[in-house]
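The next block is my_file30.txt, given as compact mmCIF, C-alpha atoms and all ligand atoms.
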# COMPACT_ATOMS: atom_id res chain seq x y z
CA MET A 1 72.26 112.15 104.98
CA GLU A 2 75.63 113.17 103.51
CA SER A 3 78.22 114.58 105.85
CA VAL A 4 79.27 116.95 103.09
CA PHE A 5 77.28 117.87 100.01
CA ILE A 6 79.04 120.17 97.55
CA ASP A 7 76.40 121.14 95.05
CA ASP A 8 77.60 122.50 91.71
CA VAL A 9 80.13 124.92 93.15
CA SER A 10 82.11 127.37 91.07
CA LYS A 11 84.59 129.98 92.15
CA TRP A 12 86.63 132.60 90.31
CA ARG A 13 89.81 134.38 91.30
CA GLY A 14 89.85 137.38 89.01
CA ALA A 15 89.32 136.00 85.53
CA GLN A 16 90.44 132.49 86.49
CA ARG A 17 87.82 129.89 87.30
CA VAL A 18 89.45 127.97 90.15
CA LEU A 19 86.46 125.71 90.85
CA ALA A 20 84.30 124.64 87.94
CA ASN A 21 80.91 123.10 88.70
CA VAL A 22 82.26 120.88 91.45
CA SER A 23 79.79 118.42 92.94
CA VAL A 24 80.90 116.03 95.66
CA ARG A 25 79.13 113.99 98.30
CA VAL A 26 80.94 112.63 101.33
CA MET A 27 79.13 110.10 103.50
CA PRO A 28 79.56 109.89 107.29
CA GLY A 29 82.72 108.00 108.21
CA GLU A 30 84.15 108.25 104.74
CA VAL A 31 87.76 109.27 104.10
CA VAL A 32 88.09 111.10 100.81
CA ALA A 33 91.45 112.03 99.29
CA LEU A 34 91.59 115.08 97.04
CA LEU A 35 94.34 114.51 94.50
CA GLY A 36 95.53 116.39 91.47
CA PRO A 37 98.32 118.59 90.17
CA SER A 38 99.37 121.78 91.87
CA GLY A 39 96.83 124.51 91.22
CA ALA A 40 93.99 122.03 90.62
CA GLY A 41 91.85 123.68 93.32
CA LYS A 42 92.17 121.17 96.17
CA SER A 43 92.97 123.73 98.87
CA THR A 44 90.39 126.13 97.54
CA LEU A 45 87.72 123.46 97.71
CA LEU A 46 88.62 122.57 101.32
CA ARG A 47 88.64 126.24 102.26
CA CYS A 48 85.19 126.68 100.72
CA VAL A 49 83.81 123.86 102.86
CA ASN A 50 84.29 125.95 105.99
CA HIS A 51 83.82 129.27 104.20
CA LEU A 52 87.40 130.48 104.58
CA ASP A 53 86.89 131.10 100.87
CA ALA A 54 83.44 132.03 99.62
CA VAL A 55 81.91 130.20 96.67
CA ASP A 56 80.58 132.26 93.76
CA GLU A 57 78.03 129.72 92.56
CA GLY A 58 76.45 126.64 94.04
CA ARG A 59 76.05 125.65 97.66
CA ILE A 60 77.84 123.58 100.27
CA PHE A 61 76.08 121.70 103.05
CA VAL A 62 77.73 120.09 106.07
CA GLU A 63 75.46 117.75 108.01
CA GLY A 64 72.56 119.31 106.14
CA THR A 65 73.44 122.88 107.13
CA LEU A 66 74.06 125.40 104.38
CA ILE A 67 77.57 126.80 104.92
CA GLY A 68 78.29 130.52 104.86
CA TYR A 69 74.87 131.65 103.73
CA ARG A 70 71.24 131.89 104.61
CA GLN A 71 68.87 131.10 101.78
CA SER A 72 65.72 133.08 101.27
CA GLY A 73 63.76 132.06 98.20
CA ASP A 74 66.30 131.94 95.38
CA ARG A 75 68.72 134.30 97.03
CA LEU A 76 71.64 133.63 99.34
CA TYR A 77 72.70 136.08 102.00
CA GLU A 78 76.15 135.72 103.56
CA LEU A 79 76.04 134.98 107.27
CA LYS A 80 77.60 137.27 109.84
CA GLU A 81 81.15 136.44 110.93
CA ARG A 82 79.86 135.24 114.30
CA GLU A 83 77.46 132.77 112.69
CA ILE A 84 80.17 131.57 110.31
CA CYS A 85 82.52 130.99 113.27
CA LEU A 86 79.85 128.90 114.93
CA GLN A 87 79.53 126.74 111.79
CA ARG A 88 83.32 126.44 111.58
CA SER A 89 83.55 125.30 115.17
CA ARG A 90 82.16 121.88 114.13
CA ILE A 91 84.58 121.53 111.21
CA GLY A 92 88.19 120.73 112.08
CA MET A 93 90.76 122.18 109.73
CA VAL A 94 94.39 121.08 109.75
CA PHE A 95 96.84 123.00 107.58
CA GLN A 96 100.23 122.14 106.17
CA ASN A 97 101.98 124.66 108.42
CA PHE A 98 100.28 123.69 111.71
CA ASN A 99 99.34 127.27 112.71
CA LEU A 100 99.95 126.72 116.41
CA ILE A 101 100.15 129.70 118.71
CA ARG A 102 103.83 130.14 119.53
CA HIS A 103 103.56 131.50 123.07
CA LEU A 104 101.14 128.82 124.29
CA SER A 105 102.09 125.31 125.35
CA ALA A 106 100.83 122.25 123.50
CA LEU A 107 98.16 121.75 126.17
CA GLU A 108 97.05 125.39 126.01
CA ASN A 109 96.88 125.28 122.22
CA VAL A 110 94.52 122.32 122.44
CA MET A 111 92.42 123.97 125.17
CA LEU A 112 91.99 127.28 123.37
CA GLY A 113 88.98 126.48 121.16
CA PRO A 114 86.88 124.87 123.89
CA LEU A 115 87.71 127.74 126.28
CA ASN A 116 87.07 130.58 123.86
CA VAL A 117 84.42 129.24 121.54
CA LEU A 118 82.54 126.62 123.52
CA GLY A 119 82.92 128.22 126.93
CA THR A 120 84.14 124.96 128.46
CA PRO A 121 85.34 125.40 132.06
CA ARG A 122 89.14 125.53 132.28
CA ALA A 123 89.62 122.38 134.37
CA LYS A 124 87.42 120.33 132.08
CA ALA A 125 89.13 121.68 128.96
CA ALA A 126 92.51 120.77 130.45
CA VAL A 127 91.46 117.19 131.16
CA ARG A 128 90.09 116.76 127.67
CA ALA A 129 93.19 118.36 126.11
CA GLN A 130 95.41 115.98 128.04
CA GLU A 131 93.36 113.02 126.76
CA LEU A 132 93.67 114.25 123.20
CA LEU A 133 97.42 114.73 123.52
CA GLN A 134 97.58 111.17 124.75
CA MET A 135 95.58 110.04 121.75
CA VAL A 136 98.12 111.60 119.38
CA GLY A 137 100.99 110.17 121.43
CA LEU A 138 102.13 113.43 123.02
CA GLU A 139 100.99 113.26 126.64
CA HIS A 140 104.60 113.87 127.70
CA LYS A 141 104.79 117.11 125.67
CA ALA A 142 101.81 118.90 127.20
CA SER A 143 103.89 121.75 128.61
CA ALA A 144 106.22 122.12 125.60
CA PHE A 145 105.97 125.17 123.37
CA PRO A 146 105.66 124.73 119.60
CA SER A 147 109.29 125.79 119.11
CA GLN A 148 110.33 122.85 121.31
CA LEU A 149 108.46 120.32 119.17
CA SER A 150 109.39 118.62 115.92
CA GLY A 151 107.27 119.27 112.85
CA GLY A 152 105.49 115.94 113.24
CA GLN A 153 104.77 116.65 116.89
CA GLN A 154 103.47 120.12 116.05
CA GLN A 155 101.19 118.66 113.42
CA ARG A 156 99.86 116.13 115.92
CA VAL A 157 99.16 118.94 118.38
CA ALA A 158 97.32 120.72 115.56
CA ILE A 159 95.24 117.58 114.99
CA ALA A 160 94.50 117.31 118.72
CA ARG A 161 93.49 120.97 118.69
CA SER A 162 90.94 120.30 115.92
CA LEU A 163 89.60 117.27 117.75
CA ALA A 164 89.08 119.33 120.90
CA MET A 165 86.12 120.98 119.18
CA ASP A 166 84.58 117.56 118.61
CA PRO A 167 84.21 118.18 114.88
CA THR A 168 81.74 116.26 112.77
CA LEU A 169 84.12 116.68 109.85
CA MET A 170 87.89 117.02 109.50
CA LEU A 171 89.50 118.87 106.60
CA LEU A 172 93.21 118.23 106.22
CA ASP A 173 95.26 120.20 103.72
CA GLU A 174 98.59 118.50 103.03
CA PRO A 175 98.95 117.37 106.64
CA THR A 176 102.26 115.60 106.00
CA SER A 177 103.91 117.58 103.22
CA ALA A 178 106.04 119.81 105.47
CA LEU A 179 107.48 116.75 107.20
CA ASP A 180 110.30 114.35 106.50
CA PRO A 181 109.15 110.77 105.89
CA GLU A 182 109.66 109.56 109.44
CA LEU A 183 107.69 112.41 110.99
CA ALA A 184 105.08 112.08 108.27
CA GLU A 185 104.64 108.47 109.37
CA GLU A 186 103.81 109.60 112.95
CA VAL A 187 101.14 111.94 111.61
CA LEU A 188 99.88 109.27 109.24
CA ALA A 189 99.44 106.89 112.17
CA THR A 190 97.38 109.53 113.96
CA ILE A 191 95.19 110.11 110.92
CA ARG A 192 94.83 106.36 110.46
CA ALA A 193 93.56 106.09 114.03
CA LEU A 194 90.99 108.80 113.32
CA ALA A 195 89.85 106.94 110.22
CA ALA A 196 89.48 103.77 112.30
CA GLN A 197 87.26 105.72 114.72
CA GLY A 198 84.97 106.50 111.82
CA ARG A 199 85.85 110.20 111.50
CA THR A 200 84.69 111.79 108.29
CA MET A 201 87.69 113.33 106.56
CA MET A 202 88.60 115.15 103.40
CA ILE A 203 92.35 115.17 102.83
CA ALA A 204 94.15 117.13 100.12
CA THR A 205 97.52 115.54 99.53
CA HIS A 206 100.35 114.88 97.11
CA ASP A 207 101.31 111.87 99.20
CA MET A 208 100.10 108.87 97.24
CA ALA A 209 101.12 106.48 100.01
CA LEU A 210 98.84 108.36 102.40
CA ALA A 211 95.98 108.33 99.92
CA ARG A 212 96.37 104.64 99.17
CA ASP A 213 96.65 103.79 102.81
CA LEU A 214 93.75 105.85 104.13
CA ALA A 215 91.27 106.90 101.52
CA ASP A 216 88.03 105.13 100.78
CA ARG A 217 87.52 107.31 97.77
CA VAL A 218 89.63 109.53 95.54
CA ILE A 219 88.52 112.74 93.96
CA PHE A 220 90.96 113.65 91.23
CA MET A 221 90.85 117.30 90.23
CA GLU A 222 92.41 119.31 87.48
CA ALA A 223 91.95 122.98 86.58
CA GLY A 224 89.18 123.37 89.13
CA ALA A 225 87.10 120.45 87.90
CA VAL A 226 86.51 116.97 89.26
CA VAL A 227 87.96 114.57 86.68
CA GLU A 228 87.37 111.35 88.64
CA ASP A 229 85.41 110.46 91.74
CA VAL A 230 85.95 106.76 92.35
CA PRO A 231 86.79 104.20 95.05
CA ALA A 232 90.45 104.64 96.03
CA ARG A 233 91.35 101.11 94.97
CA GLN A 234 89.94 101.67 91.53
CA PHE A 235 91.76 104.97 91.18
CA PHE A 236 95.14 103.46 91.92
CA GLU A 237 94.62 100.22 90.03
CA SER A 238 92.73 101.34 86.95
CA PRO A 239 91.97 105.05 86.73
CA CYS A 240 89.35 105.90 84.12
CA SER A 241 90.87 109.03 82.67
CA GLU A 242 94.05 109.34 80.66
CA ARG A 243 94.86 112.42 82.76
CA ALA A 244 94.79 110.45 86.02
CA ARG A 245 96.91 107.72 84.44
CA GLN A 246 99.56 110.29 83.50
CA PHE A 247 99.38 111.85 86.95
CA LEU A 248 99.95 108.53 88.69
CA LYS A 249 102.69 107.50 86.32
CA ARG A 250 104.60 110.71 86.95
CA LEU A 251 103.97 111.03 90.68
CA ALA A 252 103.97 107.47 91.90
CA PRO A 253 105.41 104.89 89.54
CA GLN A 254 105.20 102.33 92.34
CA ALA A 255 101.44 102.82 92.48
CA ARG A 256 101.25 101.24 89.05
CA ALA A 257 102.79 97.99 90.08
CA ALA A 258 100.61 94.86 90.22
N1 LIG B 301 95.07 133.76 97.32
C1 LIG B 301 95.01 133.53 96.01
N2 LIG B 301 94.94 134.54 95.12
C2 LIG B 301 94.87 134.31 93.80
N3 LIG B 301 94.87 133.09 93.26
C3 LIG B 301 94.96 132.05 94.08
C4 LIG B 301 95.04 132.20 95.49
N4 LIG B 301 95.11 130.98 96.05
C5 LIG B 301 95.08 130.11 95.03
N5 LIG B 301 94.98 130.74 93.84
C6 LIG B 301 94.88 130.11 92.51
O1 LIG B 301 93.77 129.24 92.53
C7 LIG B 301 94.07 128.03 91.85
C8 LIG B 301 93.80 126.84 92.78
O2 LIG B 301 94.73 126.90 93.85
P1 LIG B 301 94.73 125.85 95.03
O3 LIG B 301 95.62 126.40 96.07
O4 LIG B 301 93.34 125.56 95.41
O5 LIG B 301 95.38 124.59 94.30
P2 LIG B 301 95.86 123.21 94.94
O6 LIG B 301 95.22 122.13 94.13
O7 LIG B 301 95.64 123.21 96.40
O8 LIG B 301 97.42 123.23 94.61
P3 LIG B 301 98.66 122.64 95.49
O9 LIG B 301 98.69 121.19 95.17
O10 LIG B 301 99.84 123.36 94.91
O11 LIG B 301 98.42 122.95 96.90
C9 LIG B 301 95.51 128.14 91.40
O12 LIG B 301 95.51 128.50 90.04
C10 LIG B 301 96.09 129.26 92.22
O13 LIG B 301 97.05 129.95 91.52
MG MG B 302 96.87 123.16 98.04
Would you give me this structure, written as structure tokens?
Amino acid sequence: MESVFIDDVSKWRGAQRVLANVSVRVMPGEVVALLGPSGAGKSTLLRCVNHLDAVDEGRIFVEGTLIGYRQSGDRLYELKEREICLQRSRIGMVFQNFNLIRHLSALENVMLGPLNVLGTPRAKAAVRAQELLQMVGLEHKASAFPSQLSGGQQQRVAIARSLAMDPTLMLLDEPTSALDPELAEEVLATIRALAAQGRTMMIATHDMALARDLADRVIFMEAGAVVEDVPARQFFESPCSERARQFLKRLAPQARAA
């Protein structure tokens, strides 16, 4: 079964159609990069997958579970906030701006979800959080507050925080774009390790090096529509559409070498 099945999804913001009949399947363990110009709908699509944004048409399934709605006959009824939170608890979301809680230490930030949502005992949550900080290379920063961490370190704490919920799926929205190249490389190494563990990930990014390095598949979007959905190698070496060729030429001339 697919990890994610986006079935003919459309979404409007006012008169603008920001997602236009998007259909995407992501298999377990796959790393999918969402690429495309600014405003293409990448963030919106990721936000729809955990129902931070609601779709207007179509349906999204994660691990076979319909997200955000209950279906009865032909009709969909939106779930209650509590039920939506429960669905979200299995989907890790990492944002560009980290969203850490300022007055909690790195360790406490990572512990928060398991404590509050899963009801994990405090001691057990602390042990697990420490393990996860180690995994992202920050065991020595457990007691530091976000303001005492670099951007790359904060983003790695944010990744550890998502992993604490043991997600079946990770959604990453521009995880490196707020970072200078060196810090981005730290975060990239962390994401690479997750990919090697077989984590299913959808990553929206403008970082072509990240996409080339990590993605199995590229979904290239423009104006809310999927223009290409191809193996990453094919996308970078011989994109099908003229639009993708222009995009690559402008954004990453080096990607056209070879
Ligand atoms: N909160 C909002 N209210 C109104 N329109 C929005 C909102 N968020 C996004 N949009 C519009 O929806 C469209 C898709 O935006 P989205 O953020 O999904 O694009 P994106 O591909 O992630 O772009 P970027 O690469 O700049 O992050 C854009 O036209 C944008 O202007
Ligand atoms: Mg975006």
Fill in the blank from the handout: Taken to one decimal, the CA of Gly39 in chain A-CA of Ser238 in chain A distance is 23.9 Å
Practice task
Around ligand MG 302 (chain B), at most 7 Å away and counting only C-alpha atoms and all ligand atoms, which residues are there? Put them as a PyMOL selection string, please.
Solution key: chain A and resi 38-39+41-43+173+204
Handout entry: Contacts with ligand LIG 301 (chain B) at most 10 Å, only C-alpha atoms and all ligand atoms counted, listed as a PyMOL selection string
Key = chain A and resi 11-19+34-48+53+96+173-174+177+204-206+220-224
Please provide the set of residues having any atom within 7 Å of range 113-128 of chain A, restricted to all atoms listed in the file, with same-chain residues fewer than 3 positions apart removed, written as a PDB file with C-alpha atoms, keeping the file's coordinate frame.
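To be explicit, this is the file written out as out-v4.pdb:
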ATOM      1  CA  GLU A 131      93.360 113.020 126.760  1.00  0.00           C
ATOM      2  CA  LEU A 132      93.670 114.250 123.200  1.00  0.00           C
ATOM      3  CA  ALA A 164      89.080 119.330 120.900  1.00  0.00           C
ATOM      4  CA  MET A 165      86.120 120.980 119.180  1.00  0.00           C
TER       5      MET A 165
END
Once you count only C-alpha atoms, what closest atom pair and distance in Å to one decimal does each residue of range 24-115 of chain A within 12 Å of range 189-194 of chain A have, with rows by chain and rising residue number, as a tab-separated table?
residue	atom	partner	partner_atom	distance
A:Gly29	CA	A:Leu194	CA	9.8
A:Glu30	CA	A:Leu194	CA	11.0
A:Val31	CA	A:Leu194	CA	9.8
A:Val94	CA	A:Ile191	CA	11.1
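Closest approach to Phe98 in chain A among A:Leu214, A:Ala196, A:Ile84, A:Val187 is made by A:Val187 (distances from all atoms listed in the file).
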Handout entry: Pairwise distance for CA of Leu76 in chain A and CA of Asp56 in chain A, rounded to one decimal in Å
Key =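 We find that CA of Leu76 in chain A and CA of Asp56 in chain A lie 10.6 Å from each other.
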Determine the axis-aligned bounding box of all atoms of range 80-92 of chain A present in the file, pad each side by 4 Å, and express its centre and edge lengths in Å to one decimal place as lines of an AutoDock Vina configuration file.
center_x = 82.8
center_y = 129.0
center_z = 112.5
size_x = 18.7
size_y = 24.5
size_z = 13.3
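Taking CA of Ala209 in chain A and CA of Ser241 in chain A as the two end points, the separation is 20.3 Å.
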Model the absent atoms of range 40-51 of chain A so that all heavy atoms are present, and write the result as a JSON list (two decimals), in the frame of the given file.
[["chain", "number", "residue", "atom", "x", "y", "z"],
["A", 40, "ALA", "N", 95.24, 122.67, 91.06],
["A", 40, "ALA", "CA", 93.99, 122.03, 90.62],
["A", 40, "ALA", "C", 92.76, 122.59, 91.35],
["A", 40, "ALA", "O", 91.64, 122.50, 90.85],
["A", 40, "ALA", "CB", 94.07, 120.53, 90.84],
["A", 41, "GLY", "N", 92.98, 123.14, 92.56],
["A", 41, "GLY", "CA", 91.85, 123.68, 93.32],
["A", 41, "GLY", "C", 91.54, 122.91, 94.59],
["A", 41, "GLY", "O", 90.51, 123.16, 95.23],
["A", 42, "LYS", "N", 92.42, 122.01, 94.99],
["A", 42, "LYS", "CA", 92.17, 121.17, 96.17],
["A", 42, "LYS", "C", 92.03, 122.01, 97.44],
["A", 42, "LYS", "O", 91.07, 121.86, 98.20],
["A", 42, "LYS", "CB", 93.32, 120.15, 96.34],
["A", 42, "LYS", "CG", 93.58, 119.31, 95.10],
["A", 42, "LYS", "CD", 94.73, 118.33, 95.30],
["A", 42, "LYS", "CE", 96.09, 118.98, 95.52],
["A", 42, "LYS", "NZ", 96.62, 119.70, 94.32],
["A", 43, "SER", "N", 93.02, 122.89, 97.66],
["A", 43, "SER", "CA", 92.97, 123.73, 98.87],
["A", 43, "SER", "C", 91.77, 124.66, 98.83],
["A", 43, "SER", "O", 91.09, 124.86, 99.84],
["A", 43, "SER", "CB", 94.25, 124.56, 99.00],
["A", 43, "SER", "OG", 95.36, 123.72, 99.16],
["A", 44, "THR", "N", 91.52, 125.21, 97.67],
["A", 44, "THR", "CA", 90.39, 126.13, 97.54],
["A", 44, "THR", "C", 89.09, 125.41, 97.90],
["A", 44, "THR", "O", 88.25, 125.96, 98.63],
["A", 44, "THR", "CB", 90.32, 126.67, 96.09],
["A", 44, "THR", "OG1", 91.57, 127.28, 95.77],
["A", 44, "THR", "CG2", 89.19, 127.68, 95.94],
["A", 45, "LEU", "N", 88.95, 124.20, 97.42],
["A", 45, "LEU", "CA", 87.72, 123.46, 97.71],
["A", 45, "LEU", "C", 87.58, 123.21, 99.22],
["A", 45, "LEU", "O", 86.51, 123.44, 99.80],
["A", 45, "LEU", "CB", 87.70, 122.13, 96.94],
["A", 45, "LEU", "CG", 86.40, 121.33, 97.07],
["A", 45, "LEU", "CD1", 85.22, 122.13, 96.51],
["A", 45, "LEU", "CD2", 86.50, 119.99, 96.34],
["A", 46, "LEU", "N", 88.68, 122.79, 99.87],
["A", 46, "LEU", "CA", 88.62, 122.57, 101.32],
["A", 46, "LEU", "C", 88.28, 123.86, 102.04],
["A", 46, "LEU", "O", 87.47, 123.87, 102.97],
["A", 46, "LEU", "CB", 89.96, 122.03, 101.84],
["A", 46, "LEU", "CG", 90.30, 120.58, 101.51],
["A", 46, "LEU", "CD1", 91.62, 120.20, 102.15],
["A", 46, "LEU", "CD2", 89.20, 119.65, 101.97],
["A", 47, "ARG", "N", 88.89, 124.96, 101.60],
["A", 47, "ARG", "CA", 88.64, 126.24, 102.26],
["A", 47, "ARG", "C", 87.19, 126.70, 102.06],
["A", 47, "ARG", "O", 86.64, 127.39, 102.92],
["A", 47, "ARG", "CB", 89.62, 127.29, 101.76],
["A", 47, "ARG", "CG", 91.07, 127.02, 102.23],
["A", 47, "ARG", "CD", 92.06, 127.95, 101.54],
["A", 47, "ARG", "NE", 91.74, 129.36, 101.77],
["A", 47, "ARG", "CZ", 92.09, 130.03, 102.86],
["A", 47, "ARG", "NH1", 92.80, 129.44, 103.79],
["A", 47, "ARG", "NH2", 91.74, 131.29, 103.01],
["A", 48, "CYS", "N", 86.60, 126.32, 100.94],
["A", 48, "CYS", "CA", 85.19, 126.68, 100.72],
["A", 48, "CYS", "C", 84.28, 125.90, 101.67],
["A", 48, "CYS", "O", 83.23, 126.40, 102.06],
["A", 48, "CYS", "CB", 84.78, 126.41, 99.27],
["A", 48, "CYS", "SG", 85.40, 127.66, 98.11],
["A", 49, "VAL", "N", 84.69, 124.68, 102.02],
["A", 49, "VAL", "CA", 83.81, 123.86, 102.86],
["A", 49, "VAL", "C", 83.60, 124.49, 104.24],
["A", 49, "VAL", "O", 82.53, 124.33, 104.83],
["A", 49, "VAL", "CB", 84.35, 122.41, 102.98],
["A", 49, "VAL", "CG1", 83.55, 121.60, 103.99],
["A", 49, "VAL", "CG2", 84.30, 121.71, 101.62],
["A", 50, "ASN", "N", 84.59, 125.24, 104.73],
["A", 50, "ASN", "CA", 84.29, 125.95, 105.99],
["A", 50, "ASN", "C", 84.27, 127.48, 105.79],
["A", 50, "ASN", "O", 84.41, 128.23, 106.75],
["A", 50, "ASN", "CB", 85.21, 125.53, 107.14],
["A", 50, "ASN", "CG", 86.65, 125.86, 106.89],
["A", 50, "ASN", "OD1", 86.96, 126.48, 105.88],
["A", 50, "ASN", "ND2", 87.50, 125.47, 107.80],
["A", 51, "HIS", "N", 84.07, 127.86, 104.53],
["A", 51, "HIS", "CA", 83.82, 129.27, 104.20],
["A", 51, "HIS", "C", 85.00, 130.18, 104.54],
["A", 51, "HIS", "O", 84.82, 131.35, 104.83],
["A", 51, "HIS", "CB", 82.54, 129.76, 104.89],
["A", 51, "HIS", "CG", 81.90, 130.94, 104.20],
["A", 51, "HIS", "ND1", 81.36, 130.86, 102.94],
["A", 51, "HIS", "CD2", 81.75, 132.23, 104.58],
["A", 51, "HIS", "CE1", 80.89, 132.04, 102.59],
["A", 51, "HIS", "NE2", 81.11, 132.91, 103.57]]
